[in-house]
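Asks: Contents of target_14.txt (compact mmCIF, C-alpha atoms) are given next:
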# COMPACT_ATOMS: atom_id res chain seq x y z
CA MET A 1 96.88 127.09 165.14
CA THR A 2 98.59 130.02 163.44
CA LYS A 3 98.51 130.59 159.72
CA GLN A 4 102.06 129.24 159.40
CA GLN A 5 101.34 125.95 161.15
CA PRO A 6 100.09 122.95 159.14
CA LEU A 7 96.38 122.31 159.23
CA ARG A 8 95.99 118.86 160.75
CA ILE A 9 93.06 116.93 159.34
CA ALA A 10 91.81 113.49 160.37
CA LEU A 11 90.17 111.35 157.71
CA ALA A 12 87.28 109.10 158.76
CA GLY A 13 86.33 106.38 156.29
CA GLY A 14 88.60 103.89 154.58
CA GLY A 15 86.59 103.31 151.42
CA ALA A 16 86.68 104.65 147.88
CA PHE A 17 85.86 108.23 148.80
CA GLY A 18 88.23 108.18 151.75
CA ALA A 19 91.01 107.32 149.32
CA LYS A 20 89.96 110.18 147.01
CA HIS A 21 90.13 112.66 149.88
CA ALA A 22 93.48 111.29 151.04
CA ALA A 23 94.94 111.83 147.56
CA ALA A 24 93.42 115.32 147.31
CA LEU A 25 94.64 116.45 150.73
CA ARG A 26 98.18 115.35 149.88
CA ARG A 27 98.18 117.89 147.05
CA ILE A 28 97.25 120.85 149.28
CA GLU A 29 100.17 122.80 150.71
CA GLY A 30 100.23 123.23 154.47
CA VAL A 31 97.91 120.31 155.16
CA GLU A 32 98.80 117.21 157.14
CA VAL A 33 96.55 114.16 157.28
CA ALA A 34 97.13 113.53 160.95
CA ALA A 35 95.12 110.35 161.49
CA ALA A 36 92.88 107.81 159.79
CA VAL A 37 89.90 106.02 161.29
CA SER A 38 87.81 103.28 159.71
CA SER A 39 85.20 100.75 160.79
CA SER A 40 87.86 98.78 162.70
CA LEU A 41 91.37 99.44 163.96
CA ASP A 42 92.77 96.83 161.56
CA GLY A 43 90.95 98.52 158.69
CA ALA A 44 92.25 101.92 159.77
CA ARG A 45 95.79 100.57 159.91
CA ARG A 46 95.52 99.10 156.42
CA PHE A 47 94.08 102.32 155.03
CA ALA A 48 96.71 104.46 156.78
CA ALA A 49 99.49 102.28 155.36
CA GLU A 50 98.04 102.46 151.84
CA GLN A 51 97.67 106.25 151.99
CA GLY A 52 100.88 107.11 153.83
CA ILE A 53 99.08 108.36 156.95
CA ALA A 54 101.23 108.09 160.08
CA ARG A 55 98.54 107.26 162.63
CA ALA A 56 95.51 105.00 162.73
CA ALA A 57 92.70 105.19 165.27
CA GLY A 58 90.12 102.66 166.34
CA SER A 59 87.22 105.09 166.67
CA LEU A 60 86.10 108.60 165.84
CA GLU A 61 85.95 109.34 169.57
CA GLU A 62 89.68 108.61 169.81
CA VAL A 63 90.39 111.04 166.97
CA LEU A 64 88.22 113.77 168.47
CA ALA A 65 90.17 113.55 171.71
CA MET A 66 93.45 114.32 169.91
CA ASP A 67 94.74 117.83 170.60
CA ASP A 68 96.76 117.82 167.39
CA VAL A 69 93.71 117.37 165.12
CA ASP A 70 92.11 120.60 163.90
CA ALA A 71 89.48 119.25 161.53
CA VAL A 72 87.83 116.06 160.30
CA VAL A 73 86.72 114.90 156.86
CA LEU A 74 83.89 112.37 157.13
CA ALA A 75 83.79 109.85 154.26
CA THR A 76 81.85 107.31 156.32
CA PRO A 77 78.59 105.43 155.57
CA THR A 78 75.55 107.66 155.05
CA PRO A 79 73.67 106.53 158.20
CA LEU A 80 76.56 107.85 160.35
CA HIS A 81 76.93 111.29 158.76
CA ALA A 82 74.54 113.38 160.87
CA ALA A 83 75.56 112.03 164.28
CA GLN A 84 79.27 112.15 163.44
CA THR A 85 79.00 115.72 162.15
CA ARG A 86 77.48 116.83 165.44
CA GLN A 87 80.14 114.86 167.34
CA CYS A 88 82.93 116.67 165.52
CA LEU A 89 81.41 120.08 166.14
CA ALA A 90 80.79 119.30 169.81
CA ALA A 91 84.47 118.36 170.14
CA GLY A 92 85.53 121.71 168.67
CA LYS A 93 86.68 120.32 165.31
CA HIS A 94 85.92 121.84 161.92
CA VAL A 95 84.14 119.27 159.78
CA GLN A 96 83.51 118.41 156.16
CA VAL A 97 80.92 115.66 155.70
CA GLU A 98 80.46 113.79 152.46
CA ILE A 99 77.08 113.92 150.78
CA PRO A 100 74.44 113.47 152.05
CA VAL A 101 74.69 115.45 155.27
CA ALA A 102 71.80 113.37 156.58
CA ALA A 103 69.06 111.01 155.45
CA SER A 104 66.28 113.09 157.03
CA LEU A 105 65.44 116.77 157.29
CA PRO A 106 65.44 116.91 161.12
CA ASP A 107 68.96 115.47 161.19
CA ALA A 108 70.18 117.92 158.53
CA GLU A 109 68.62 120.83 160.44
CA ALA A 110 70.25 119.66 163.67
CA CYS A 111 73.66 119.62 161.97
CA ALA A 112 73.19 123.13 160.57
CA ALA A 113 72.07 124.37 163.98
CA ALA A 114 75.15 122.84 165.62
CA ALA A 115 77.38 124.55 163.08
CA GLU A 116 75.76 127.92 163.71
CA ARG A 117 75.99 127.43 167.49
CA THR A 118 79.69 126.56 167.47
CA GLY A 119 80.84 128.98 164.78
CA LEU A 120 83.10 126.28 163.34
CA VAL A 121 83.55 125.60 159.63
CA ALA A 122 81.01 122.95 158.67
CA MET A 123 80.84 122.00 155.02
CA ALA A 124 79.04 119.41 152.92
CA GLY A 125 80.61 117.44 150.09
CA HIS A 126 78.39 118.79 147.31
CA THR A 127 81.16 118.24 144.78
CA ARG A 128 79.23 119.42 141.71
CA ARG A 129 79.59 123.01 142.94
CA PHE A 130 83.35 122.61 142.49
CA ASN A 131 83.74 120.57 139.28
CA PRO A 132 85.37 122.85 136.66
CA SER A 133 82.77 121.89 134.06
CA HIS A 134 79.97 123.22 136.26
CA GLN A 135 82.06 126.20 137.34
CA TRP A 136 82.41 127.16 133.65
CA VAL A 137 78.63 127.20 133.22
CA ARG A 138 78.14 129.14 136.46
CA ARG A 139 80.58 131.83 135.32
CA ARG A 140 78.63 132.32 132.10
CA VAL A 141 75.42 132.68 134.11
CA ALA A 142 77.06 135.14 136.52
CA ALA A 143 78.38 137.21 133.61
CA GLY A 144 74.89 137.50 132.12
CA GLU A 145 75.93 135.47 129.08
CA LEU A 146 73.62 132.52 129.74
CA THR A 147 70.26 131.96 131.38
CA ILE A 148 69.51 128.33 132.19
CA GLN A 149 66.10 127.30 130.88
CA GLN A 150 66.35 123.59 131.61
CA LEU A 151 68.70 121.11 133.23
CA ASP A 152 68.31 117.50 132.11
CA VAL A 153 70.21 114.99 134.27
CA GLN A 154 70.71 111.22 134.16
CA THR A 155 72.17 109.49 137.24
CA TYR A 156 72.70 105.85 136.33
CA PHE A 157 74.28 102.90 138.13
CA PHE A 158 74.08 99.11 137.97
CA ARG A 159 73.60 98.09 141.60
CA ARG A 160 71.14 95.25 141.92
CA SER A 161 73.04 93.98 144.95
CA ASN A 162 74.32 95.92 147.96
CA LEU A 163 77.88 96.64 146.77
CA ASN A 164 79.95 99.80 146.99
CA ALA A 165 81.97 101.58 144.29
CA LEU A 166 84.81 99.08 144.80
CA GLY A 167 82.50 96.08 144.37
CA GLN A 168 82.61 95.26 148.08
CA GLN A 169 79.64 94.31 150.25
CA ARG A 170 78.06 97.30 151.99
CA SER A 171 76.97 97.29 155.63
CA TRP A 172 74.30 99.88 154.77
CA THR A 173 71.95 100.59 151.87
CA ASP A 174 72.46 103.43 149.42
CA HIS A 175 69.50 105.61 148.38
CA LEU A 176 68.62 107.29 145.09
CA LEU A 177 66.76 110.20 146.72
CA TRP A 178 68.76 111.20 149.80
CA HIS A 179 72.16 110.53 148.27
CA HIS A 180 72.19 110.70 144.49
CA ALA A 181 69.33 113.14 143.87
CA ALA A 182 70.87 115.50 146.44
CA HIS A 183 73.72 116.32 144.05
CA THR A 184 71.36 117.58 141.35
CA VAL A 185 68.80 119.25 143.61
CA ASP A 186 71.53 121.38 145.17
CA LEU A 187 73.31 122.04 141.87
CA PHE A 188 70.14 123.17 140.08
CA ALA A 189 69.33 125.88 142.63
CA TYR A 190 73.01 126.87 142.87
CA GLN A 191 73.53 127.21 139.12
CA THR A 192 70.29 129.08 138.43
CA GLY A 193 70.70 131.31 141.48
CA SER A 194 67.03 130.79 142.25
CA PRO A 195 65.25 128.73 144.95
CA ILE A 196 63.30 125.60 144.07
CA VAL A 197 59.58 126.32 144.47
CA ARG A 198 58.07 123.13 143.08
CA ALA A 199 59.21 119.52 143.20
CA ASN A 200 57.56 116.30 142.00
CA ALA A 201 58.71 112.69 142.20
CA LEU A 202 57.74 109.21 141.03
CA GLN A 203 59.45 105.94 141.84
CA GLY A 204 59.46 102.45 140.39
CA PRO A 205 59.09 99.09 142.16
CA LEU A 206 60.94 98.49 145.41
CA HIS A 207 63.78 95.97 145.44
CA PRO A 208 62.47 92.81 147.18
CA GLU A 209 65.52 92.51 149.44
CA LEU A 210 66.94 96.04 149.73
CA GLY A 211 63.53 97.66 150.19
CA ILE A 212 64.46 100.74 148.11
CA ALA A 213 63.25 102.08 144.79
CA MET A 214 65.66 101.15 142.02
CA ASP A 215 64.31 103.76 139.58
CA MET A 216 63.14 107.31 140.20
CA SER A 217 62.05 110.42 138.30
CA VAL A 218 62.23 113.94 139.75
CA GLN A 219 60.95 117.24 138.36
CA LEU A 220 61.96 120.64 139.75
CA ARG A 221 61.12 124.28 139.03
CA THR A 222 62.82 127.38 140.41
CA ALA A 223 61.27 130.74 141.20
CA SER A 224 62.94 132.06 138.03
CA GLY A 225 60.99 129.52 135.93
CA ALA A 226 63.86 127.18 135.06
CA ILE A 227 62.98 123.48 135.10
CA CYS A 228 64.97 120.32 135.82
CA THR A 229 64.24 116.73 134.88
CA LEU A 230 66.25 114.11 136.78
CA SER A 231 66.22 110.39 135.97
CA LEU A 232 67.88 108.01 138.43
CA SER A 233 68.41 104.25 138.26
CA PHE A 234 70.26 101.43 139.98
CA ASN A 235 69.09 99.16 137.13
CA ASN A 236 71.02 100.75 134.27
CA ASP A 237 73.17 98.29 132.31
CA GLY A 238 75.30 100.73 130.33
CA PRO A 239 77.49 103.80 130.83
CA LEU A 240 77.54 104.65 134.53
CA GLY A 241 77.63 108.00 136.28
CA THR A 242 75.79 111.31 136.08
CA PHE A 243 75.39 113.31 132.88
CA PHE A 244 74.13 116.90 132.81
CA ARG A 245 72.62 118.75 129.84
CA TYR A 246 72.29 122.50 130.37
CA ILE A 247 69.82 124.07 127.94
CA GLY A 248 70.08 127.86 127.97
CA ASP A 249 68.96 130.84 125.98
CA THR A 250 72.36 131.21 124.28
CA GLY A 251 73.70 127.66 124.21
CA THR A 252 73.49 124.01 125.21
CA TYR A 253 76.26 122.32 127.20
CA LEU A 254 76.83 118.75 128.36
CA ALA A 255 78.87 118.05 131.48
CA ARG A 256 80.20 114.52 131.91
CA TYR A 257 82.22 114.44 135.12
CA ASP A 258 85.04 116.92 134.46
CA ASP A 259 84.52 117.09 130.69
CA LEU A 260 82.35 119.74 129.05
CA VAL A 261 81.11 119.88 125.46
CA THR A 262 78.64 121.96 123.49
CA GLY A 263 75.31 120.63 122.28
CA GLU A 264 77.13 119.73 119.07
CA ASP A 265 79.67 117.67 121.07
CA GLU A 266 82.47 120.21 120.59
CA PRO A 267 84.96 120.06 123.50
CA ILE A 268 85.29 123.08 125.82
CA ASP A 269 88.64 123.57 127.56
CA VAL A 270 88.04 123.91 131.31
CA SER A 271 91.68 123.38 132.33
CA GLY A 272 92.13 127.05 133.25
CA ILE A 273 88.98 127.35 135.37
CA ASP A 274 90.67 126.42 138.66
CA VAL A 275 93.95 125.10 140.08
CA SER A 276 92.89 121.48 139.48
CA LEU A 277 90.50 119.43 137.38
CA ASP A 278 89.71 117.23 140.41
CA GLY A 279 86.42 118.29 142.02
CA ILE A 280 87.25 116.52 145.29
CA GLU A 281 90.55 118.39 145.53
CA LEU A 282 88.83 121.73 144.85
CA GLN A 283 86.22 120.89 147.46
CA ASP A 284 88.96 120.09 150.01
CA ARG A 285 90.83 123.27 149.09
CA GLU A 286 87.73 125.30 149.86
CA PHE A 287 87.41 123.57 153.25
CA VAL A 288 91.02 124.35 154.12
CA ALA A 289 90.79 127.96 152.88
CA ALA A 290 87.61 128.64 154.86
CA ILE A 291 89.27 127.39 158.06
CA ARG A 292 92.40 129.46 157.48
CA GLU A 293 90.44 132.59 156.54
CA GLY A 294 87.79 132.20 159.25
CA ARG A 295 84.87 132.40 156.81
CA GLU A 296 81.83 130.46 155.66
CA PRO A 297 82.75 127.93 152.95
CA ASN A 298 80.95 127.38 149.69
CA ALA A 299 78.58 124.43 150.37
CA SER A 300 78.33 125.23 154.08
CA LEU A 301 75.64 123.31 155.93
CA ALA A 302 73.52 126.47 156.00
CA GLN A 303 73.82 126.91 152.23
CA VAL A 304 72.84 123.33 151.36
CA LEU A 305 69.96 123.04 153.85
CA PRO A 306 67.33 124.08 151.24
CA CYS A 307 68.35 121.01 149.23
CA TYR A 308 67.42 118.74 152.13
CA ARG A 309 64.10 120.52 152.58
CA THR A 310 63.30 119.72 148.95
CA LEU A 311 64.35 116.09 149.42
CA ALA A 312 62.06 115.82 152.44
CA ASP A 313 59.18 117.21 150.37
CA LEU A 314 59.87 114.64 147.65
CA GLU A 315 60.03 111.85 150.23
CA ARG A 316 56.61 112.86 151.58
CA GLN A 317 55.18 112.62 148.08
CA LEU A 318 56.66 109.18 147.50
CA THR A 319 55.46 107.92 150.86
CA ALA A 320 51.95 109.23 150.26
CA ALA A 321 51.72 107.61 146.81
CA PRO A 322 53.17 104.09 147.07
CA VAL A 323 53.98 102.14 143.93
CA GLY A 324 50.85 100.80 142.31
CA ALA A 325 48.57 103.39 143.93
Translate this structure into structure tokens?
Replies:
Amino acid sequence: MTKQQPLRIALAGGGAFGAKHAAALRRIEGVEVAAAVSSSLDGARRFAAEQGIARAAGSLEEVLAMDDVDAVVLATPTPLHAAQTRQCLAAGKHVQVEIPVAASLPDAEACAAAAERTGLVAMAGHTRRFNPSHQWVRRRVAAGELTIQQLDVQTYFFRRSNLNALGQQRSWTDHLLWHHAAHTVDLFAYQTGSPIVRANALQGPLHPELGIAMDMSVQLRTASGAICTLSLSFNNDGPLGTFFRYIGDTGTYLARYDDLVTGEDEPIDVSGIDVSLDGIELQDREFVAAIREGREPNASLAQVLPCYRTLADLERQLTAAPVGA
């Protein structure tokens, strides 16, 4: 592939996030979504037709055998992420895997090792690094205009049954720690520019059918002394999503998806921060640019690995102290 040729990307996963990536990739010049693969060939064909993708494949193995595919975006179920990431790298394809990279530390480490061994671009979908609202805060920190003292985060959903973001039945079970907490654990260290040195966790009762905690509380502290309090719930009957309150020495800022306001609820214009307000698009643009420029991307597997080490530490705590102990 020369710089003038289109970058040909296959998209694995025909769900809500697959559709977001398909829309984002269409907006990037010099990119062609070369193939779509889903859980079945019929599903892949439907998804390809909906997204204007010319070719559908029945399996990831079929896609990886295609000579005219340079890279793969994995928006597949969480339990498949680690093995599929290694498959892509072994086949010589650059890969971007949606969060979480893995649901265990050994699997995350194996993916990072495979990326280092192959020298291919391997990136994780830690979208918060790319959202303009968070980029605005990071620029203030980098300029010495703000020191983060505390990050207060609420990650709230209403998922008392095993449904996905489209309200469809899931074939796998989502997880507050390995999926949703990963966003904040990575973002906190990234925004403060300091490693996490202490992490604590508590969880509420396990769901009788799903076998997962529906409520969780996480505390973090960085080497610089900044603290983070993260509340997560699948039981929340109210506004859904993740809401971030940055408390700093020179200001307080609230990030709600791509909107940013001051502590007094005064809007902050982030429209000029980057070429788009869509975090997924900016994430995909970084993936494409890193491949074209032959460099490590922001949110490479190596960069996000400390996040998964912290998650593993939190999991050990939760396992050692079961509910009611």
Asks: Kindly indicate which residue among A:Val185, A:Ala34, A:Leu277, A:Val270 lies nearest to Leu314 in chain A, using only C-alpha atoms for the distances.
Replies: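 Result for the nearest residue to Leu314 in chain A: A:Val185.
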Asks: Within 9 Å of (64.5, 122.4, 134.3), in the coordinates the file gives, what residues turn up when you count all atoms listed in the file, written out as a list in words?
Replies: Ile148, Gln149, Gln150, Leu151, Asp152, Phe188, Gln219, Leu220, Arg221, Thr222, Gly225, Ala226, Ile227, Cys228, Thr229, Leu230, Tyr246 and Ile247 of chain A
Asks: Taking C-alpha atoms for each residue, export the selection above as an mmCIF file, keeping the file's coordinate frame.
Replies:
data_model
loop_
_atom_site.group_PDB
_atom_site.id
_atom_site.type_symbol
_atom_site.label_atom_id
_atom_site.label_comp_id
_atom_site.auth_asym_id
_atom_site.auth_seq_id
_atom_site.Cartn_x
_atom_site.Cartn_y
_atom_site.Cartn_z
ATOM 1 C CA ILE A 148 69.510 128.330 132.190
ATOM 2 C CA GLN A 149 66.100 127.300 130.880
ATOM 3 C CA GLN A 150 66.350 123.590 131.610
ATOM 4 C CA LEU A 151 68.700 121.110 133.230
ATOM 5 C CA ASP A 152 68.310 117.500 132.110
ATOM 6 C CA PHE A 188 70.140 123.170 140.080
ATOM 7 C CA GLN A 219 60.950 117.240 138.360
ATOM 8 C CA LEU A 220 61.960 120.640 139.750
ATOM 9 C CA ARG A 221 61.120 124.280 139.030
ATOM 10 C CA THR A 222 62.820 127.380 140.410
ATOM 11 C CA GLY A 225 60.990 129.520 135.930
ATOM 12 C CA ALA A 226 63.860 127.180 135.060
ATOM 13 C CA ILE A 227 62.980 123.480 135.100
ATOM 14 C CA CYS A 228 64.970 120.320 135.820
ATOM 15 C CA THR A 229 64.240 116.730 134.880
ATOM 16 C CA LEU A 230 66.250 114.110 136.780
ATOM 17 C CA TYR A 246 72.290 122.500 130.370
ATOM 18 C CA ILE A 247 69.820 124.070 127.940
#
Asks: Given all atoms listed in the file as the basis, pick out the residue of A:Tyr190, A:Tyr308, A:Tyr253, A:Phe243 nearest to Ala103 in chain A.
Replies: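 The shortest atom-to-atom distance to Ala103 in chain A comes from A:Tyr308.
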Asks: Hey, what's within 12 Å of Ala19 in chain A if we count only C-alpha atoms and toss same-chain stuff fewer than 2 positions away? As a ChimeraX atom specification, please?
Replies: /A:11-17,21-26,33,36,38,44,46-53,73-76,165-166,280-281
Asks: One decimal, in Å: what's the spacing between CA of Val69 in chain A and CA of Glu116 in chain A?
Replies: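 Computing the Euclidean distance for CA of Val69 in chain A and CA of Glu116 in chain A yields 20.9 Å.
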Asks: Give me range 260-271 of chain A with all heavy atoms filled in, as an mmCIF file, in the coordinates of the input.
Replies:
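Okay, this is what ended up in selection_28.cif:
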data_model
loop_
_atom_site.group_PDB
_atom_site.id
_atom_site.type_symbol
_atom_site.label_atom_id
_atom_site.label_comp_id
_atom_site.auth_asym_id
_atom_site.auth_seq_id
_atom_site.Cartn_x
_atom_site.Cartn_y
_atom_site.Cartn_z
ATOM 1 N N LEU A 260 83.461 118.893 129.468
ATOM 2 C CA LEU A 260 82.350 119.740 129.050
ATOM 3 C C LEU A 260 82.389 119.876 127.538
ATOM 4 O O LEU A 260 83.448 120.117 126.944
ATOM 5 C CB LEU A 260 82.475 121.124 129.705
ATOM 6 C CG LEU A 260 81.317 122.094 129.468
ATOM 7 C CD1 LEU A 260 80.047 121.612 130.152
ATOM 8 C CD2 LEU A 260 81.677 123.493 129.970
ATOM 9 N N VAL A 261 81.222 119.714 126.905
ATOM 10 C CA VAL A 261 81.110 119.880 125.460
ATOM 11 C C VAL A 261 79.882 120.710 125.150
ATOM 12 O O VAL A 261 78.981 120.856 125.985
ATOM 13 C CB VAL A 261 81.024 118.518 124.722
ATOM 14 C CG1 VAL A 261 82.264 117.677 124.972
ATOM 15 C CG2 VAL A 261 79.760 117.753 125.134
ATOM 16 N N THR A 262 79.823 121.248 123.937
ATOM 17 C CA THR A 262 78.640 121.960 123.490
ATOM 18 C C THR A 262 77.559 120.958 123.097
ATOM 19 O O THR A 262 77.801 119.741 123.065
ATOM 20 C CB THR A 262 78.955 122.854 122.289
ATOM 21 O OG1 THR A 262 79.240 121.999 121.153
ATOM 22 C CG2 THR A 262 80.151 123.756 122.546
ATOM 23 N N GLY A 263 76.389 121.496 122.741
ATOM 24 C CA GLY A 263 75.310 120.630 122.280
ATOM 25 C C GLY A 263 75.651 119.896 121.008
ATOM 26 O O GLY A 263 75.031 118.883 120.678
ATOM 27 N N GLU A 264 76.655 120.389 120.285
ATOM 28 C CA GLU A 264 77.130 119.730 119.070
ATOM 29 C C GLU A 264 78.318 118.815 119.357
ATOM 30 O O GLU A 264 79.002 118.368 118.441
ATOM 31 C CB GLU A 264 77.522 120.770 118.015
ATOM 32 C CG GLU A 264 76.389 121.691 117.592
ATOM 33 C CD GLU A 264 75.279 120.947 116.868
ATOM 34 O OE1 GLU A 264 75.593 119.929 116.226
ATOM 35 O OE2 GLU A 264 74.119 121.383 116.956
ATOM 36 N N ASP A 265 78.585 118.555 120.624
ATOM 37 C CA ASP A 265 79.670 117.670 121.070
ATOM 38 C C ASP A 265 81.059 118.248 120.802
ATOM 39 O O ASP A 265 82.036 117.505 120.667
ATOM 40 C CB ASP A 265 79.558 116.280 120.437
ATOM 41 C CG ASP A 265 79.794 115.172 121.454
ATOM 42 O OD1 ASP A 265 79.516 115.384 122.648
ATOM 43 O OD2 ASP A 265 80.274 114.097 121.052
ATOM 44 N N GLU A 266 81.167 119.558 120.757
ATOM 45 C CA GLU A 266 82.470 120.210 120.590
ATOM 46 C C GLU A 266 83.098 120.426 121.957
ATOM 47 O O GLU A 266 82.470 121.031 122.837
ATOM 48 C CB GLU A 266 82.292 121.560 119.881
ATOM 49 C CG GLU A 266 81.658 121.460 118.513
ATOM 50 C CD GLU A 266 81.087 122.782 118.036
ATOM 51 O OE1 GLU A 266 80.661 123.597 118.886
ATOM 52 O OE2 GLU A 266 81.076 122.982 116.811
ATOM 53 N N PRO A 267 84.334 119.955 122.175
ATOM 54 C CA PRO A 267 84.960 120.060 123.500
ATOM 55 C C PRO A 267 85.180 121.516 123.918
ATOM 56 O O PRO A 267 85.480 122.379 123.093
ATOM 57 C CB PRO A 267 86.308 119.347 123.319
ATOM 58 C CG PRO A 267 86.144 118.491 122.103
ATOM 59 C CD PRO A 267 85.188 119.228 121.217
ATOM 60 N N ILE A 268 85.004 121.770 125.215
ATOM 61 C CA ILE A 268 85.290 123.080 125.820
ATOM 62 C C ILE A 268 86.429 122.885 126.803
ATOM 63 O O ILE A 268 86.375 122.003 127.666
ATOM 64 C CB ILE A 268 84.045 123.645 126.524
ATOM 65 C CG1 ILE A 268 82.944 123.906 125.504
ATOM 66 C CG2 ILE A 268 84.391 124.918 127.299
ATOM 67 C CD1 ILE A 268 81.618 124.308 126.130
ATOM 68 N N ASP A 269 87.466 123.680 126.682
ATOM 69 C CA ASP A 269 88.640 123.570 127.560
ATOM 70 C C ASP A 269 88.321 124.208 128.907
ATOM 71 O O ASP A 269 88.097 125.414 128.994
ATOM 72 C CB ASP A 269 89.836 124.265 126.908
ATOM 73 C CG ASP A 269 91.113 124.141 127.740
ATOM 74 O OD1 ASP A 269 91.110 123.378 128.725
ATOM 75 O OD2 ASP A 269 92.102 124.816 127.403
ATOM 76 N N VAL A 270 88.298 123.399 129.968
ATOM 77 C CA VAL A 270 88.040 123.910 131.310
ATOM 78 C C VAL A 270 89.299 123.831 132.191
ATOM 79 O O VAL A 270 89.233 124.016 133.403
ATOM 80 C CB VAL A 270 86.873 123.163 131.987
ATOM 81 C CG1 VAL A 270 85.572 123.391 131.227
ATOM 82 C CG2 VAL A 270 87.169 121.668 132.112
ATOM 83 N N SER A 271 90.444 123.585 131.561
ATOM 84 C CA SER A 271 91.680 123.380 132.330
ATOM 85 C C SER A 271 92.127 124.628 133.068
ATOM 86 O O SER A 271 92.840 124.526 134.075
ATOM 87 C CB SER A 271 92.801 122.888 131.413
ATOM 88 O OG SER A 271 93.086 123.840 130.402
#
